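Undergrad: Got a structure for you, model.txt, holding compact mmCIF, C-alpha atoms.
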# COMPACT_ATOMS: atom_id res chain seq x y z
CA MET A 1 -14.50 -1.52 -11.70
CA THR A 2 -12.31 -1.57 -8.56
CA THR A 3 -13.72 0.18 -5.49
CA ALA A 4 -11.20 2.40 -3.70
CA GLN A 5 -10.19 1.24 -0.24
CA HIS A 6 -11.24 3.63 2.57
CA PHE A 7 -9.10 4.63 5.55
CA GLY A 8 -9.90 6.85 8.50
CA HIS A 9 -13.36 7.95 9.56
CA ARG A 10 -15.67 10.58 8.09
CA GLU A 11 -17.38 12.45 10.92
CA ALA A 12 -21.07 13.13 10.38
CA GLY A 13 -21.96 16.80 9.96
CA ARG A 14 -18.38 17.89 9.27
CA SER A 15 -17.23 19.45 5.99
CA TYR A 16 -14.31 17.76 4.24
CA GLN A 17 -12.11 19.31 1.57
CA ARG A 18 -11.54 16.91 -1.34
CA ARG A 19 -7.90 16.56 -2.37
CA LEU A 20 -6.48 14.56 -5.28
CA ALA A 21 -2.96 13.19 -4.94
CA ALA A 22 -0.54 10.66 -6.40
CA TYR A 23 2.30 8.76 -4.71
CA ALA A 24 5.11 6.39 -5.68
CA VAL A 25 6.02 3.10 -3.99
CA ILE A 26 9.75 2.67 -4.66
CA LEU A 27 11.43 -0.50 -3.36
CA ASP A 28 15.12 -1.38 -3.42
CA GLU A 29 16.97 -4.70 -3.44
CA LYS A 30 17.33 -4.58 0.36
CA LEU A 31 13.53 -4.57 0.79
CA ARG A 32 13.43 -0.92 1.80
CA VAL A 33 10.91 1.67 0.66
CA ALA A 34 11.69 5.27 -0.23
CA CYS A 35 10.08 7.72 2.24
CA VAL A 36 10.12 11.49 2.51
CA VAL A 37 10.13 13.36 5.81
CA ASP A 38 7.95 16.47 6.13
CA LYS A 39 7.57 18.13 9.55
CA LEU A 40 8.78 14.93 11.27
CA ARG A 41 6.10 12.86 9.50
CA LEU A 42 6.67 10.06 6.99
CA PHE A 43 5.06 9.96 3.56
CA LEU A 44 5.54 8.16 0.29
CA PRO A 45 7.09 10.47 -2.33
CA GLY A 46 4.33 12.35 -4.13
CA GLY A 47 1.63 14.89 -3.45
CA GLY A 48 -1.33 16.84 -4.74
CA LEU A 49 -2.45 17.15 -8.33
CA GLU A 50 -2.31 20.59 -9.91
CA ALA A 51 -5.02 21.96 -12.21
CA GLY A 52 -5.21 19.98 -15.45
CA GLU A 53 -2.68 17.42 -14.25
CA GLY A 54 -3.13 13.64 -14.27
CA PRO A 55 -1.95 11.29 -11.51
CA ARG A 56 1.07 9.96 -13.44
CA GLY A 57 2.33 13.43 -14.35
CA ALA A 58 1.69 14.65 -10.81
CA VAL A 59 3.72 11.92 -9.13
CA GLN A 60 6.63 12.46 -11.52
CA ARG A 61 6.60 16.22 -10.86
CA GLU A 62 6.28 15.78 -7.09
CA VAL A 63 9.15 13.30 -6.90
CA ALA A 64 11.32 15.66 -8.94
CA GLU A 65 10.53 18.48 -6.49
CA GLU A 66 10.73 16.49 -3.26
CA CYS A 67 13.66 14.18 -4.04
CA ALA A 68 15.45 15.86 -6.98
CA ARG A 69 15.13 12.59 -8.89
CA SER A 70 13.38 11.58 -12.07
CA LEU A 71 10.80 8.81 -11.79
CA GLU A 72 10.02 5.79 -13.95
CA VAL A 73 6.49 4.54 -13.39
CA ILE A 74 6.28 0.76 -13.64
CA SER A 75 2.58 0.12 -13.09
CA PRO A 76 -0.45 1.58 -11.28
CA LEU A 77 -1.57 0.17 -7.94
CA ASP A 78 -5.07 0.36 -6.48
CA SER A 79 -6.33 3.73 -5.26
CA ALA A 80 -7.55 4.71 -1.80
CA ILE A 81 -9.57 7.35 0.04
CA GLN A 82 -8.11 8.62 3.31
CA PHE A 83 -10.01 10.84 5.77
CA PHE A 84 -7.72 12.88 8.00
CA HIS A 85 -7.38 16.14 9.90
CA ALA A 86 -4.56 18.66 9.47
CA ALA A 87 -2.81 20.29 12.41
CA SER A 88 -4.81 23.44 11.62
CA GLY A 89 -8.02 21.50 12.27
CA GLU A 90 -9.19 21.33 8.65
CA ALA A 91 -10.69 18.02 7.55
CA TYR A 92 -9.65 16.38 4.27
CA GLU A 93 -10.88 13.60 2.02
CA LEU A 94 -7.74 12.48 0.23
CA HIS A 95 -8.20 10.56 -3.02
CA ALA A 96 -4.80 8.90 -3.44
CA HIS A 97 -3.47 7.25 -6.59
CA PHE A 98 -0.48 4.93 -6.14
CA PHE A 99 2.17 3.74 -8.58
CA LEU A 100 4.87 1.11 -8.35
CA ALA A 101 7.93 2.96 -9.59
CA ARG A 102 11.72 3.32 -9.51
CA PHE A 103 14.03 6.31 -9.32
CA GLY A 104 15.74 7.57 -12.43
CA GLY A 105 18.61 10.03 -12.62
CA VAL A 106 19.55 12.78 -10.20
CA LEU A 107 18.16 16.19 -11.19
CA ASP A 108 19.71 19.62 -10.81
CA GLY A 109 18.63 21.64 -7.80
CA PRO A 110 18.02 20.84 -4.15
CA ALA A 111 15.48 18.31 -2.88
CA GLN A 112 12.63 19.79 -0.85
CA HIS A 113 12.51 16.96 1.67
CA GLU A 114 14.81 14.46 3.35
CA LEU A 115 14.76 11.04 1.69
CA ARG A 116 14.94 7.94 3.88
CA TRP A 117 15.07 4.26 2.95
CA LEU A 118 13.21 2.24 5.58
CA PRO A 119 12.64 -1.55 5.82
CA VAL A 120 9.24 -2.86 4.76
CA LEU A 121 9.42 -6.09 6.76
CA PRO A 122 8.08 -7.31 9.09
CA GLN A 123 5.77 -4.26 8.73
CA PRO A 124 5.88 -1.18 6.49
CA PRO A 125 6.93 2.10 8.16
CA ALA A 126 4.54 4.14 10.30
CA PHE A 127 3.38 6.61 7.65
CA PHE A 128 1.23 9.61 8.52
CA HIS A 129 -1.45 8.22 6.18
CA GLU A 130 -2.55 4.63 6.78
CA CYS A 131 -3.24 4.25 3.07
CA HIS A 132 0.49 4.68 2.34
CA ARG A 133 1.27 1.61 4.42
CA TRP A 134 -1.46 -0.28 2.56
CA ALA A 135 0.05 0.78 -0.78
CA VAL A 136 3.41 -0.67 0.24
CA GLN A 137 1.68 -3.94 1.14
CA GLN A 138 0.11 -3.92 -2.34
CA ALA A 139 3.55 -3.61 -3.91
CA LEU A 140 4.88 -6.47 -1.80
CA SER A 141 2.02 -8.66 -3.03
CA ARG A 142 2.77 -8.04 -6.69
CA ASN A 143 4.28 -10.74 -8.85
CA GLY A 144 6.95 -9.81 -11.34
CA PRO A 145 10.59 -8.79 -11.72
CA GLU A 146 9.83 -5.13 -10.92
CA VAL A 147 9.32 -6.07 -7.25
CA PRO A 148 12.59 -7.11 -5.57
CA LEU A 149 11.02 -10.02 -3.71
CA PRO A 150 11.02 -13.78 -4.21
CA MET A 151 7.37 -13.99 -5.19
CA SER A 152 7.12 -17.70 -6.02
CA ASN A 153 5.11 -18.32 -2.86
CA LYS A 154 3.49 -21.71 -2.31
CA VAL A 155 -0.10 -21.74 -1.06
CA LEU A 156 -0.42 -24.24 1.79
CA ALA A 157 -4.06 -23.77 2.79
CA SER A 158 -7.08 -21.67 1.89
CA LEU A 159 -9.69 -20.60 4.46
CA GLU A 160 -12.99 -19.66 2.82
CA ASN A 161 -16.11 -18.09 4.31
CA SER A 162 -19.51 -19.79 4.20
CA TYR A 163 -20.71 -17.64 1.27
CA GLY A 164 -17.72 -18.47 -0.90
CA ASP A 165 -16.90 -14.82 -1.64
CA TYR A 166 -13.92 -14.28 0.69
CA CYS A 167 -10.92 -16.46 1.42
CA VAL A 168 -7.53 -16.26 3.13
CA ASP A 169 -4.54 -18.05 1.63
CA ILE A 170 -1.76 -19.25 3.93
CA PHE A 171 1.52 -19.39 2.00
CA ALA A 172 5.20 -20.26 2.36
CA ARG A 173 7.94 -18.08 0.86
CA PRO A 174 11.12 -19.44 -0.72
CA ASP A 175 13.14 -18.01 2.20
CA GLY A 176 11.32 -20.34 4.63
CA SER A 177 9.03 -17.72 6.17
CA PHE A 178 5.23 -17.77 6.08
CA GLY A 179 2.42 -15.30 5.50
CA PHE A 180 -1.23 -14.90 4.61
CA GLU A 181 -3.42 -12.73 2.40
CA GLU A 182 -7.13 -12.10 1.96
CA TYR A 183 -8.98 -12.39 -1.38
CA ARG A 184 -12.46 -11.45 -2.54
CA ARG A 185 -14.40 -13.07 -5.39
CA ASP A 186 -15.71 -10.40 -7.76
CA PRO A 187 -19.49 -10.91 -8.11
CA GLU A 188 -19.42 -9.66 -11.72
CA ASP A 189 -16.77 -11.93 -13.23
CA GLY A 190 -16.11 -14.49 -10.48
CA VAL A 191 -12.40 -13.69 -10.41
CA TRP A 192 -10.58 -13.77 -7.05
CA ARG A 193 -8.91 -10.42 -6.36
CA CYS A 194 -6.20 -9.77 -3.80
CA LEU A 195 -7.14 -7.18 -1.15
CA HIS A 196 -3.46 -6.33 -0.40
CA ARG A 197 -3.91 -6.13 3.38
CA TYR A 198 -1.71 -8.68 5.11
CA ALA A 199 0.94 -10.17 2.79
CA GLY A 200 3.78 -8.00 4.11
CA GLN A 201 3.77 -9.73 7.49
CA VAL A 202 6.35 -12.45 8.17
CA PHE A 203 5.88 -15.50 10.42
CA LYS A 204 8.21 -18.31 11.44
CA SER A 205 5.68 -21.10 10.99
CA GLN A 206 2.48 -22.00 9.16
CA GLU A 207 0.72 -22.31 12.50
CA ALA A 208 1.71 -18.76 13.48
CA ALA A 209 0.41 -17.43 10.15
CA VAL A 210 -2.92 -19.22 10.64
CA THR A 211 -3.23 -17.94 14.22
CA GLN A 212 -2.64 -14.34 13.17
CA ALA A 213 -5.00 -14.66 10.19
CA LYS A 214 -7.77 -15.74 12.56
CA ALA A 215 -6.90 -12.88 14.91
CA GLN A 216 -6.72 -10.14 12.26
CA VAL A 217 -9.24 -10.93 9.50
CA PRO A 218 -12.66 -9.77 10.79
CA TRP A 219 -14.84 -12.48 9.23
CA LEU A 220 -12.43 -15.21 10.39
CA LYS A 221 -12.61 -13.87 13.94
CA ILE A 222 -16.43 -13.93 13.85
CA ALA A 223 -16.55 -17.41 12.34
CA GLY A 224 -14.04 -18.74 14.86
CA ALA A 225 -12.63 -20.91 12.10
Mind converting the file's structure to structure tokens?
TA:
Amino acid sequence: MTTAQHFGHREAGRSYQRRLAAYAVILDEKLRVACVVDKLRLFLPGGGLEAGEGPRGAVQREVAEECARSLEVISPLDSAIQFFHAASGEAYELHAHFFLARFGGVLDGPAQHELRWLPVLPQPPAFFHECHRWAVQQALSRNGPEVPLPMSNKVLASLENSYGDYCVDIFARPDGSFGFEEYRRDPEDGVWRCLHRYAGQVFKSQEAAVTQAKAQVPWLKIAGA
């Protein structure tokens, strides 16, 4: 069972309203991601689940309302929990489901929000929720024809911790750029699982990728590897 990634900070002694939501990561051939603008803030298309609604149905309904487009869900991505505060001061615990998806046809009626296509490299856009940026990085790490990226990356080196349960792979892309990603070995089945945290970054050399991995990955910084 995959544990949801946590973002933000839960303040002790404060009451948080639990909110269930679903969002779509939609990439185009120019390596841009579909974003909606709400009150000058950026979000992935999607929103809250209604009573009796599942995540897949919710994201398709929300995209239809927000963008006036139908939605084809390709595959689920990992989920996340985001703690945040609204402008009104209320505190929320957002349980967010994410889907890799693509737009379908244009629907009748106006869109509720402005749609923007923003580049995902070298970093995903500055979304209001940090977990949305993480979801885009997940999508960029996916192998397969549904992601418009040259994903035949070549692993050049692997940096592993002393316990053998975490590692960072340094890789080269077919376009000549470099990157890195962190993996965790599942204690139940021994399978290495991608943590989808860093792969969206682009570096000009292997050395630069290694330097940034050691600067950004907490256990690498402590080890001084």
Undergrad: For the point (11.2, 15.0, -8.3) in the file's frame, write as a VMD selection string all residues with an atom no more than 12 Å away, counting all atoms listed in the file.
TA: chain A and resid 23 to 24 36 45 to 47 57 to 72 102 to 113 115
Undergrad: Contacts of Ser75 of chain A at 8 Å or less, counting all atoms listed in the file, minus same-chain residues fewer than 6 places along, as a list of chain:residue names?
TA: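 So the residues in contact are A:Phe99, A:Leu100, A:Ala101.
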Undergrad: Would you mind reading off the distance between atom CA of Val25 of chain A and atom CA of His9 of chain A, one decimal, in Å?
TA: 24.1 Å
Undergrad: Determine the nearest neighbour of Leu118 of chain A from the options A:Ile26, A:Lys221, A:Leu140, A:Phe7, counting only C-alpha atoms.
TA: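 Closest residue, counting only C-alpha atoms: A:Ile26.
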Undergrad: For a cut-off of 7 Å around (1.8, -8.8, 2.0), file coordinates, pick out all residues using all atoms listed in the file and list them as an mmCIF file with C-alpha atoms, in the frame of the given file.
TA:
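Output (out-v6.cif):
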data_model
loop_
_atom_site.group_PDB
_atom_site.id
_atom_site.type_symbol
_atom_site.label_atom_id
_atom_site.label_comp_id
_atom_site.auth_asym_id
_atom_site.auth_seq_id
_atom_site.Cartn_x
_atom_site.Cartn_y
_atom_site.Cartn_z
ATOM 1 C CA GLN A 137 1.680 -3.940 1.140
ATOM 2 C CA GLN A 138 0.110 -3.920 -2.340
ATOM 3 C CA LEU A 140 4.880 -6.470 -1.800
ATOM 4 C CA SER A 141 2.020 -8.660 -3.030
ATOM 5 C CA GLU A 181 -3.420 -12.730 2.400
ATOM 6 C CA HIS A 196 -3.460 -6.330 -0.400
ATOM 7 C CA ARG A 197 -3.910 -6.130 3.380
ATOM 8 C CA TYR A 198 -1.710 -8.680 5.110
ATOM 9 C CA ALA A 199 0.940 -10.170 2.790
ATOM 10 C CA GLY A 200 3.780 -8.000 4.110
ATOM 11 C CA GLN A 201 3.770 -9.730 7.490
#
Undergrad: Measure the distance from atom CA of Ser162 of chain A to atom CA of Gln212 of chain A in Å and round it to one decimal.
TA: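 Atom-to-atom, atom CA of Ser162 of chain A and atom CA of Gln212 of chain A are spaced 19.9 Å apart.
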